[in-house]
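Enquirer: Provided below: target06.tsv, containing TSV, N, CA and C atoms.
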```
chain	number	residue	atom	x	y	z
A	1	MET	N	-5.18	35.20	-5.35
A	1	MET	CA	-4.61	34.23	-4.43
A	1	MET	C	-3.10	34.20	-4.61
A	2	ARG	N	-2.38	34.33	-3.54
A	2	ARG	CA	-0.92	34.34	-3.56
A	2	ARG	C	-0.40	32.91	-3.46
A	3	MET	N	0.52	32.56	-4.37
A	3	MET	CA	1.13	31.24	-4.36
A	3	MET	C	2.26	31.23	-3.33
A	4	VAL	N	2.35	30.15	-2.58
A	4	VAL	CA	3.45	29.98	-1.63
A	4	VAL	C	4.26	28.78	-2.07
A	5	ASN	N	5.48	28.71	-1.59
A	5	ASN	CA	6.32	27.56	-1.91
A	5	ASN	C	5.66	26.31	-1.34
A	6	SER	N	5.13	25.46	-2.21
A	6	SER	CA	4.30	24.34	-1.77
A	6	SER	C	5.06	23.28	-0.97
A	7	VAL	N	6.39	23.30	-1.00
A	7	VAL	CA	7.15	22.33	-0.21
A	7	VAL	C	6.95	22.60	1.28
A	8	HIS	N	6.66	23.85	1.61
A	8	HIS	CA	6.57	24.23	3.02
A	8	HIS	C	5.14	24.40	3.52
A	9	THR	N	4.15	24.08	2.73
A	9	THR	CA	2.77	24.23	3.18
A	9	THR	C	2.37	23.02	4.02
A	10	PRO	N	1.40	23.22	4.91
A	10	PRO	CA	0.90	22.08	5.69
A	10	PRO	C	0.37	20.96	4.78
A	11	LYS	N	-0.24	21.34	3.67
A	11	LYS	CA	-0.79	20.33	2.76
A	11	LYS	C	0.32	19.47	2.15
A	12	TYR	N	1.41	20.11	1.74
A	12	TYR	CA	2.52	19.33	1.16
A	12	TYR	C	3.18	18.47	2.22
A	13	ARG	N	3.33	19.01	3.43
A	13	ARG	CA	3.89	18.20	4.52
A	13	ARG	C	2.98	17.00	4.81
A	14	SER	N	1.68	17.18	4.70
A	14	SER	CA	0.73	16.07	4.88
A	14	SER	C	0.93	15.01	3.80
A	15	LEU	N	1.16	15.45	2.57
A	15	LEU	CA	1.44	14.51	1.49
A	15	LEU	C	2.70	13.71	1.80
A	16	LEU	N	3.75	14.39	2.21
A	16	LEU	CA	5.00	13.70	2.53
A	16	LEU	C	4.81	12.72	3.67
A	17	LYS	N	4.05	13.13	4.67
A	17	LYS	CA	3.77	12.23	5.80
A	17	LYS	C	3.05	10.97	5.32
A	18	THR	N	2.10	11.14	4.43
A	18	THR	CA	1.38	10.00	3.87
A	18	THR	C	2.33	9.06	3.15
A	19	LEU	N	3.25	9.62	2.36
A	19	LEU	CA	4.19	8.78	1.61
A	19	LEU	C	5.17	8.06	2.54
A	20	VAL	N	5.66	8.76	3.55
A	20	VAL	CA	6.60	8.15	4.50
A	20	VAL	C	5.90	7.03	5.28
A	21	GLU	N	4.69	7.31	5.75
A	21	GLU	CA	3.95	6.29	6.51
A	21	GLU	C	3.66	5.07	5.64
A	22	ALA	N	3.34	5.29	4.38
A	22	ALA	CA	3.07	4.17	3.47
A	22	ALA	C	4.33	3.34	3.27
A	23	ARG	N	5.46	4.01	3.09
A	23	ARG	CA	6.73	3.27	2.91
A	23	ARG	C	7.03	2.44	4.15
A	24	LYS	N	6.89	3.06	5.30
A	24	LYS	CA	7.19	2.34	6.55
A	24	LYS	C	6.21	1.21	6.79
A	25	SER	N	4.94	1.39	6.44
A	25	SER	CA	3.95	0.33	6.64
A	25	SER	C	4.22	-0.87	5.74
A	26	LYS	N	4.87	-0.61	4.61
A	26	LYS	CA	5.27	-1.69	3.70
A	26	LYS	C	6.61	-2.30	4.12
A	27	LYS	N	7.18	-1.74	5.22
A	27	LYS	CA	8.47	-2.20	5.74
A	27	LYS	C	9.58	-2.10	4.68
A	28	LEU	N	9.52	-0.99	3.93
A	28	LEU	CA	10.54	-0.71	2.93
A	28	LEU	C	11.49	0.35	3.45
A	29	SER	N	12.77	0.13	3.24
A	29	SER	CA	13.74	1.18	3.53
A	29	SER	C	13.70	2.18	2.38
A	30	GLN	N	14.31	3.32	2.60
A	30	GLN	CA	14.42	4.30	1.51
A	30	GLN	C	15.16	3.68	0.33
A	31	ALA	N	16.20	2.92	0.62
A	31	ALA	CA	16.99	2.29	-0.45
A	31	ALA	C	16.15	1.28	-1.23
A	32	GLU	N	15.32	0.52	-0.53
A	32	GLU	CA	14.47	-0.47	-1.22
A	32	GLU	C	13.43	0.22	-2.10
A	33	LEU	N	12.84	1.30	-1.59
A	33	LEU	CA	11.88	2.05	-2.41
A	33	LEU	C	12.59	2.66	-3.61
A	34	ALA	N	13.75	3.22	-3.39
A	34	ALA	CA	14.51	3.82	-4.49
A	34	ALA	C	14.80	2.78	-5.57
A	35	GLU	N	15.15	1.58	-5.15
A	35	GLU	CA	15.42	0.51	-6.12
A	35	GLU	C	14.17	0.20	-6.94
A	36	LYS	N	13.01	0.13	-6.28
A	36	LYS	CA	11.75	-0.10	-7.00
A	36	LYS	C	11.47	1.00	-8.02
A	37	LEU	N	11.92	2.21	-7.68
A	37	LEU	CA	11.69	3.37	-8.55
A	37	LEU	C	12.77	3.52	-9.62
A	38	GLY	N	13.83	2.75	-9.50
A	38	GLY	CA	14.95	2.92	-10.42
A	38	GLY	C	15.71	4.21	-10.16
A	39	ARG	N	15.73	4.62	-8.91
A	39	ARG	CA	16.38	5.87	-8.49
A	39	ARG	C	17.42	5.56	-7.42
A	40	VAL	N	18.16	6.58	-7.04
A	40	VAL	CA	19.12	6.44	-5.94
A	40	VAL	C	18.40	6.73	-4.63
A	41	GLN	N	18.96	6.25	-3.54
A	41	GLN	CA	18.35	6.40	-2.21
A	41	GLN	C	18.18	7.87	-1.85
A	42	THR	N	19.10	8.72	-2.27
A	42	THR	CA	19.00	10.13	-1.90
A	42	THR	C	17.78	10.81	-2.51
A	43	PHE	N	17.26	10.29	-3.62
A	43	PHE	CA	16.02	10.81	-4.21
A	43	PHE	C	14.90	10.70	-3.18
A	44	VAL	N	14.77	9.52	-2.59
A	44	VAL	CA	13.71	9.28	-1.59
A	44	VAL	C	13.97	10.13	-0.35
A	45	SER	N	15.19	10.13	0.12
A	45	SER	CA	15.55	10.89	1.31
A	45	SER	C	15.23	12.37	1.15
A	46	LYS	N	15.60	12.92	0.02
A	46	LYS	CA	15.40	14.36	-0.20
A	46	LYS	C	13.92	14.74	-0.30
A	47	TYR	N	13.10	13.94	-0.98
A	47	TYR	CA	11.69	14.32	-1.03
A	47	TYR	C	11.02	14.08	0.31
A	48	GLU	N	11.41	13.02	1.03
A	48	GLU	CA	10.79	12.78	2.33
A	48	GLU	C	11.11	13.88	3.34
A	49	ARG	N	12.27	14.49	3.24
A	49	ARG	CA	12.65	15.59	4.15
A	49	ARG	C	12.18	16.94	3.65
A	50	GLY	N	11.59	16.98	2.47
A	50	GLY	CA	11.12	18.25	1.92
A	50	GLY	C	12.20	19.07	1.28
A	51	GLU	N	13.36	18.47	1.04
A	51	GLU	CA	14.45	19.19	0.38
A	51	GLU	C	14.26	19.23	-1.13
A	52	ARG	N	13.42	18.36	-1.63
A	52	ARG	CA	13.17	18.26	-3.06
A	52	ARG	C	11.68	18.06	-3.26
A	53	ARG	N	11.11	18.81	-4.18
A	53	ARG	CA	9.68	18.69	-4.45
A	53	ARG	C	9.44	17.60	-5.51
A	54	LEU	N	8.43	16.79	-5.27
A	54	LEU	CA	8.02	15.81	-6.27
A	54	LEU	C	7.12	16.49	-7.29
A	55	ASP	N	7.37	16.23	-8.57
A	55	ASP	CA	6.40	16.71	-9.56
A	55	ASP	C	5.29	15.65	-9.65
A	56	VAL	N	4.27	15.94	-10.40
A	56	VAL	CA	3.10	15.06	-10.42
A	56	VAL	C	3.43	13.67	-10.98
A	57	ILE	N	4.28	13.59	-11.97
A	57	ILE	CA	4.66	12.30	-12.53
A	57	ILE	C	5.46	11.49	-11.52
A	58	GLU	N	6.38	12.15	-10.84
A	58	GLU	CA	7.16	11.45	-9.80
A	58	GLU	C	6.25	10.98	-8.67
A	59	PHE	N	5.29	11.84	-8.28
A	59	PHE	CA	4.35	11.44	-7.23
A	59	PHE	C	3.59	10.18	-7.63
A	60	ILE	N	3.11	10.14	-8.86
A	60	ILE	CA	2.38	8.95	-9.33
A	60	ILE	C	3.27	7.72	-9.29
A	61	GLU	N	4.52	7.86	-9.70
A	61	GLU	CA	5.46	6.73	-9.67
A	61	GLU	C	5.70	6.26	-8.24
A	62	VAL	N	5.87	7.19	-7.31
A	62	VAL	CA	6.08	6.82	-5.91
A	62	VAL	C	4.82	6.14	-5.36
A	63	ALA	N	3.67	6.73	-5.63
A	63	ALA	CA	2.41	6.14	-5.16
A	63	ALA	C	2.25	4.72	-5.69
A	64	ASN	N	2.51	4.53	-6.96
A	64	ASN	CA	2.40	3.18	-7.55
A	64	ASN	C	3.36	2.21	-6.89
A	65	ALA	N	4.60	2.65	-6.65
A	65	ALA	CA	5.60	1.78	-6.01
A	65	ALA	C	5.17	1.41	-4.60
A	66	LEU	N	4.42	2.30	-3.95
A	66	LEU	CA	3.95	2.05	-2.59
A	66	LEU	C	2.56	1.41	-2.57
A	67	GLU	N	2.03	1.11	-3.76
A	67	GLU	CA	0.70	0.51	-3.91
A	67	GLU	C	-0.39	1.40	-3.32
A	68	LEU	N	-0.22	2.71	-3.50
A	68	LEU	CA	-1.22	3.68	-3.08
A	68	LEU	C	-2.04	4.09	-4.29
A	69	ASP	N	-3.28	4.45	-4.05
A	69	ASP	CA	-4.13	5.00	-5.10
A	69	ASP	C	-3.86	6.51	-5.13
A	70	ALA	N	-3.11	6.95	-6.13
A	70	ALA	CA	-2.70	8.35	-6.22
A	70	ALA	C	-3.91	9.29	-6.23
A	71	ILE	N	-4.98	8.90	-6.88
A	71	ILE	CA	-6.18	9.74	-6.96
A	71	ILE	C	-6.80	9.91	-5.57
A	72	LYS	N	-6.85	8.84	-4.80
A	72	LYS	CA	-7.40	8.93	-3.44
A	72	LYS	C	-6.55	9.84	-2.56
A	73	VAL	N	-5.24	9.75	-2.71
A	73	VAL	CA	-4.34	10.61	-1.93
A	73	VAL	C	-4.60	12.07	-2.29
A	74	ILE	N	-4.73	12.36	-3.57
A	74	ILE	CA	-4.99	13.73	-4.01
A	74	ILE	C	-6.37	14.20	-3.54
A	75	ARG	N	-7.36	13.33	-3.65
A	75	ARG	CA	-8.71	13.72	-3.19
A	75	ARG	C	-8.71	14.06	-1.71
A	76	LYS	N	-7.95	13.32	-0.93
A	76	LYS	CA	-7.86	13.60	0.51
A	76	LYS	C	-7.25	14.98	0.73
A	77	LEU	N	-6.23	15.33	-0.03
A	77	LEU	CA	-5.62	16.65	0.09
A	77	LEU	C	-6.56	17.76	-0.34
A	78	VAL	N	-7.30	17.53	-1.42
A	78	VAL	CA	-8.25	18.53	-1.92
A	78	VAL	C	-9.39	18.71	-0.94
A	79	ALA	N	-9.81	17.64	-0.29
A	79	ALA	CA	-10.93	17.70	0.66
A	79	ALA	C	-10.64	18.64	1.82
A	80	VAL	N	-9.39	18.79	2.17
A	80	VAL	CA	-9.01	19.71	3.26
A	80	VAL	C	-9.46	21.13	2.92
A	81	ASP	N	-9.36	21.51	1.67
A	81	ASP	CA	-9.77	22.84	1.23
A	81	ASP	C	-11.28	23.04	1.35
A	82	HIS	N	-12.01	21.95	1.21
A	82	HIS	CA	-13.47	22.05	1.17
A	82	HIS	C	-14.14	21.67	2.47
A	83	ALA	N	-13.35	21.39	3.47
A	83	ALA	CA	-13.93	20.98	4.77
A	83	ALA	C	-14.39	22.18	5.57
```
Hey, can you dump this file as structure tokens for me?
Expert:
Amino acid sequence: MRMVNSVHTPKYRSLLKTLVEARKSKKLSQAELAEKLGRVQTFVSKYERGERRLDVIEFIEVANALELDAIKVIRKLVAVDHA
């Protein structure tokens, strides 16, 4: 199996879409989310645009800040492979 740059895969874009939609549904700006994360606003902007990849620890922190169940988000992504 050939590895591709995961920032540009449909699955990674789906993950980013989920995170952006969750932030917007909470009526949080990027700056407000960044503050909750103890990060600068550009951190949020860059991962939301796909300019920066989130590692697994960062993803969990973002999910927690957005009150998402990180395991459910991952299971949804994995399910795409098995559908």
Enquirer: Pick from A:Glu35, A:Val40, A:Glu58, A:Leu19: nearest to A:Val73, with only C-alpha atoms counted?
Expert: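 Residue with the minimum atom-to-atom distance to A:Val73: A:Leu19.
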Enquirer: What does the structure give for the distance between atom N of A:Ala34 and atom CA of A:Glu48, in Å to one decimal?
Expert: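 Calculated distance between atom N of A:Ala34 and atom CA of A:Glu48 is 11.5 Å.
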Enquirer: What does the distance from atom N of A:Asn64 to atom N of A:Lys17 come to in Å, to one decimal?
Expert: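 That distance, rounded to one decimal, is 14.5 Å.
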Enquirer: For a test of reading the model, state the distance in Å between atom N of A:Gly50 and atom CA of A:Lys11, rounded to one decimal.
Expert: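 Distance between the two atoms: 12.8 Å.
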Enquirer: Compare A:Arg13, A:Arg52, A:Lys36, A:Lys27 by their minimum atom-to-atom distance to A:Ala65, counting all atoms listed in the file, and give me the closest one.
Expert: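 Of A:Arg13, A:Arg52, A:Lys36, A:Lys27, the one nearest A:Ala65, counting all atoms listed in the file, is A:Lys36.
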Enquirer: Choose the residue, out of A:Ile74, A:Val20, A:Ala79, A:Leu66, that has the smallest atom-to-atom separation from A:Tyr47; count only C-alpha atoms.
Expert: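 Among the listed residues, A:Val20 lies closest to A:Tyr47.
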Enquirer: Can you pull out every residue from chain A that DSSP, working from the backbone, puts in alpha helix (DSSP H), and format the result as a ChimeraX atom specification?
Expert: /A:10-25,30-37,41-48,56-65,70-82
Enquirer: Could you check which of A:Val78, A:Arg49, A:Ile71, A:Val56 is closest to A:Leu16, using all atoms listed in the file?
Expert: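 Of all the options, A:Arg49 lies closest to A:Leu16.
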Enquirer: Tell me which protein, DNA and RNA residues are within 10 Å of A:Glu61, counting only C-alpha atoms, leaving out same-chain ones fewer than 6 positions away, and put them as a PyMOL selection string.
Expert: chain A and resi 36-37+67-68+70
Enquirer: Quick one: residues within 9 Å of A:Val44, only C-alpha atoms, excluding same-chain residues fewer than 6 positions away - as number ranges by chain?
Expert: A: 30-31, 33-34
